[in-house]
Number of protein chains: 2
Amino acid sequence: MATKIYITSALEHVEDEVKISGWLYNKTHKGKLIFLMIRDGTGIIQGVIFKNDIPEDIFEKCLHLPQESSLELTGKVVADKRAKGGAELQVKDVKIVQEAQEYPISPKEHGVDFLMDHRHLWLRSSKQHAILKIRHEIIKAARDYFDDLGFTLVDAPIFTPAACEGTTTLFETDYFDQKAYLTQSGQLYMEAGAMAFGKVYCFGPTFRAEKSKTRRHLTEFWMIEPEVAYCDLNQDMDLAEGMVEFIVRRVLKNRQQELEILERDVSLLEKIVRPFPRLHYNEAAKILQDAKADFVYGDDFGGGDETIISNKFDKPVMITHYPAQVKAFYMKADPEQPDHALCVDMLAPEGYGEIIGGGQREDDLDILLKKIKAHNLPEEAFKWYIDLRKYGSVPHAGFGMGIERTVAWICGLNHIRETIPFPRTIYRLYP
Amino acid sequence: MATKIYITSALEHVEDEVKISGWLYNKTHKGKLIFLMIRDGTGIIQGVIFKNDIPEDIFEKCLHLPQESSLELTGKVVADKRAKGGAELQVKDVKIVQEAQEYPISPKEHGVDFLMDHRHLWLRSSKQHAILKIRHEIIKAARDYFDDLGFTLVDAPIFTPAACEGTTTLFETDYFDQKAYLTQSGQLYMEAGAMAFGKVYCFGPTFRAEKSKTRRHLTEFWMIEPEVAYCDLNQDMDLAEGMVEFIVRRVLKNRQQELEILERDVSLLEKIVRPFPRLHYNEAAKILQDAKADFVYGDDFGGGDETIISNKFDKPVMITHYPAQVKAFYMKADPEQPDHALCVDMLAPEGYGEIIGGGQREDDLDILLKKIKAHNLPEEAFKWYIDLRKYGSVPHAGFGMGIERTVAWICGLNHIRETIPFPRTIYRLYP
């Protein structure tokens with residue numbers, strides 16, 4: 001009896017009789033031959049049907065079978081260097097599982113809204129496949145990086161009683177008799193984790209009710225957030241650049257085929273080797289002033305500013321010591337210039353913008369209390385967070401890396417919406 | 001200069017001069033000696049201070065140092081078989097980073113509410129450490145299991161336009177000009193993923209506004225949900241039992257120390273070897289009737305029923321073919337007895353209840369449409385889901401495993417609230 005195999009392992013079954021279950025990706029015919037391109041999620045293989053080998057009614061059906069019909073092919077695998085994947089299938093038997101209705105996505109150009117409305121089907125195309133395979137690789141690499149360094153996974157809660165990054169972009173929900181907010185970052189909880197486990201990370205979805213419609217924003221996006229006790233800004237940056245290098249190398253090693261489908265210039269990714277440049281905010285500001293950018297010293301950088309700076313380098317660049325006033329309350333002030341924070345943003349090359357934000361956290365109880373007051377935050381909701389400075393406070397630092405922006409950069413995508421299986425934006429909640 | 005090390009690697013540094021940064025876990029003294037138990041998140045080591053070795057004021061300070069003060073010890077590692085971890089530290093220098101305030105959690109008994117209010121500190125205790133290390137191991141093992149089998153990670157969205165498991169337990173949020181609901185399961189999206197990638201899984205938080213206050217319920221809990229195209233109920237059960245066996249073996253192999261801290265009877269876990277018993281609903285019902293349980297044939301099983309059934313076995317038991325009426329609309333009916341569904345619940349041993357629910361999905365377009373109507377579900381919101389039956393529908397199956405219940409079982413915990421770093425229940429949204 002024919003062995004059931006996945007297409008990805010076809011080359012291990014040359015000359016074997018196998019069964020492949022999949023969907024019709026494309027077809028052509030020529031006289032007594034039909035060529036069916038079959039996909040099964042692990043790869044694509046060509047099945048060649050010779051008219052005399054199968055019943056006539058099945059041959060007729062195959063001639064007119066719509067794209068994405070599901071079918072099982074039985075036949076012999078033969079090596080063929082010209083074929084995609086190095087093998088094709090000489091079909092002996094065809095079982096049509098379901099004849100599809102007329103498939104809405106054709107090779108012709110479709111508008112973005114149309115494709116997004118059909119995201120559940122669009123996922124079947126080879127470009128989307130390649131992107132999500134690389135996404136998986138990036139996520140696995142990031143987790144492996146921290147696991148191998150002895151970090152403990154500490155999942156942060158999604159429901160939180162208070163805001164962390166400002167209240168204007170919060171999603172709120174009724175929580176029985178209270179209100180709850182969807183987390184914008186697991187960081188504060190990771191600080192508690194670091195005091196318990198030394199080195200921790202969380203990895204989960206985070207939420208921002210961003211009204212902006214830029215190609216860099218989603219309302220729901222995934223972040224990996226490590227936090228380390230007894231760690232300063234420089235050690236934090238070592239950790240961040242080590243992680244990014246590790247991720248890029250893994251993708252280059254394991255996802256060559258996908259990068260090729262995306263026509264990614266891998267020579268640019270091969271340059272992502274430590275050390276990455278580290279720039280003081282003042283140095284970055286100087287670059288913008290020299291470029292006559294529309295930028296005021298003391299402000300945060302806009303998307304255009306980030307592109308001007310990152311274009312100066314062929315590696316990710318880490319900008320440190322932003323003015324404290326443009327950063328969150330929990331950032332530790334630089335003791336040598338207290339109006340600057342011990343923080344870091346990492347900008348991806350090629351204009352992909354910020355992929356990492358982090359830094360050293362305020363570990364002094366009195367200063368933290370003052371900052372919570374100055375930012376008009378509800379002290380009651382932060383009681384537990386303040387506790388961390390009462391019971392064995394230590395210097396500590398961490399960062400968050402946005403997965404979707406990292407996927408966009410590594411895949412070389414123009415827009416963030418294709419970096420996640422089911423994107424959510426201001427106008428997009430379906431499918 | 002002394003090398004900075006983590007306690008977990010102390011045995012690799014015997015006779016070396018090292019620096020350990022951590023927190024004071026416990027202390028005793030005897031004449032000219034102080035014994036400091038230091039934890040750094042990776043382990044605990046005893047530091048021995050001899051009065052003549054350090055300045056007198058530091059010695060005095062150490063004598064009265066409160067629990068959880070942060071400090072850095074420099075000294076020589078010496079092997080000592082009697083010591084925890086096999087080594088202790090002969091302290092030559094002490095740097096007190098912060099003298100803690102009086103620590104609220106002491107070895108005496110505390111009430112559950114008190115400990116939950118101090119969850120951010122309670123995480124530092126050895127029992128909570130052990131549980132969360134095992135949680136990490138379980139999550140990593142589950143991901144590795146599917147990654148090794150060639151599954152693609154397809155993250156399901158958290159914001160959804162419609163309910164999947166019934167509307168009474170939904171969390172709702174304003175989503176710009178619409179309403180969005182927090183996901184209760186990624187399954188429907190995984191079905192789209194399986195048609196694109198063949199074998200997929202998602203792993204993320206899911207939400208149920210459960211009013212119940214049982215020891216088995218959280219409002220926010222994590223699930224891993226695989227879904228496979230061209231898969232029937234039996235193959236689905238093979239996958240589920242393979243995963244559970246794999247996870248238990250990994251924990252037994254890598255987390256012996258943690259299981260010991262929890263005083264877990266590992267002989268019970270060593271019995272978790274495939275195959276697991278598979279019971280038709282009718283057979284399970286017979287067990288309950290024989291036990292004179294308060295159970296009506298045709299109903300779903302309650303927590304007490306599950307305990308009676310699972311106590312008959314020393315492995316997880318898989319119950320199949322529940323009456324279709326107690327299961328969700330997407331379950332495929334058994335062609336041989338259409339009032340029963342091709343579904344499976346896996347009950348953990350020792351009365352830990354359901355850890356897995358899954359089965360084969362309805363793949364026929366007309367039947368699915370009828371079921372959506374019969375369940376009064378909004379067809380419009382399920383348009384994309386219905387599409388999956390129009391374009392290459394195939395037999396497919398999957399399941400979801402609740403992480404927290406699995407952690408509770410493997411750790412042998414009485415209550416689910418300790419299985420997640422920051423539990424969320426009807427009355428608990430803090431810290």
# chains A, B, ... in the order shown; residues from 1 in each chain; ligands from 1
$ interface_residues --of "chain B" --to "chain A" --cutoff "6 Å" --atoms "only C-alpha atoms" --output "number ranges by chain"
B: 40-41, 68-70, 98, 100-101, 120, 123-124, 136, 153, 157, 173, 192, 196-198, 390-392, 422
$ atom_distance --atom1 "CA of Asp345 (chain A)" --atom2 "CA of Glu306 (chain A)"
10.3 Å
$ residues_around --residues "Phe276 (chain A)" --least-positions-apart "3" --cutoff "8 Å" --atoms "only C-alpha atoms" --output "list in words"
Glu241, Val273, Lys315, Pro316, Val317 and Met318 of chain A
$ write_last_selection --atoms "N, CA and C atoms" --output "PDB file, in the first residue's frame"
ATOM      1  N   GLU A 241      21.637  43.186  21.357  1.00  0.00           N
ATOM      2  CA  GLU A 241      22.312  42.964  20.071  1.00  0.00           C
ATOM      3  C   GLU A 241      22.649  41.490  19.882  1.00  0.00           C
ATOM      4  N   VAL A 273      25.951  41.706  12.269  1.00  0.00           N
ATOM      5  CA  VAL A 273      26.909  41.039  13.145  1.00  0.00           C
ATOM      6  C   VAL A 273      27.312  42.026  14.236  1.00  0.00           C
ATOM      7  N   LYS A 315      23.898  48.313   9.927  1.00  0.00           N
ATOM      8  CA  LYS A 315      23.479  47.420  11.013  1.00  0.00           C
ATOM      9  C   LYS A 315      22.396  48.147  11.814  1.00  0.00           C
ATOM     10  N   PRO A 316      21.696  47.417  12.679  1.00  0.00           N
ATOM     11  CA  PRO A 316      20.798  48.127  13.587  1.00  0.00           C
ATOM     12  C   PRO A 316      21.614  49.103  14.430  1.00  0.00           C
ATOM     13  N   VAL A 317      21.046  50.257  14.728  1.00  0.00           N
ATOM     14  CA  VAL A 317      21.765  51.249  15.525  1.00  0.00           C
ATOM     15  C   VAL A 317      21.014  51.456  16.851  1.00  0.00           C
ATOM     16  N   MET A 318      21.782  51.543  17.943  1.00  0.00           N
ATOM     17  CA  MET A 318      21.174  51.718  19.258  1.00  0.00           C
ATOM     18  C   MET A 318      21.376  53.157  19.714  1.00  0.00           C
TER      19      MET A 318
END
$ atom_distance --atom1 "CA of Glu336 (chain B)" --atom2 "CA of Lys95 (chain A)"
22.8 Å
$ residues_around --residues "Gln90 (chain A)" --least-positions-apart "2" --cutoff "12 Å" --atoms "only C-alpha atoms" --output "JSON, numbers by chain"
{"A": [14, 15, 16, 17, 18, 19, 20, 33, 34, 35, 36, 45, 46, 47, 48, 49, 50, 51, 53, 54, 73, 74, 75, 76, 77, 78, 79, 80, 87, 88, 92, 93, 94]}
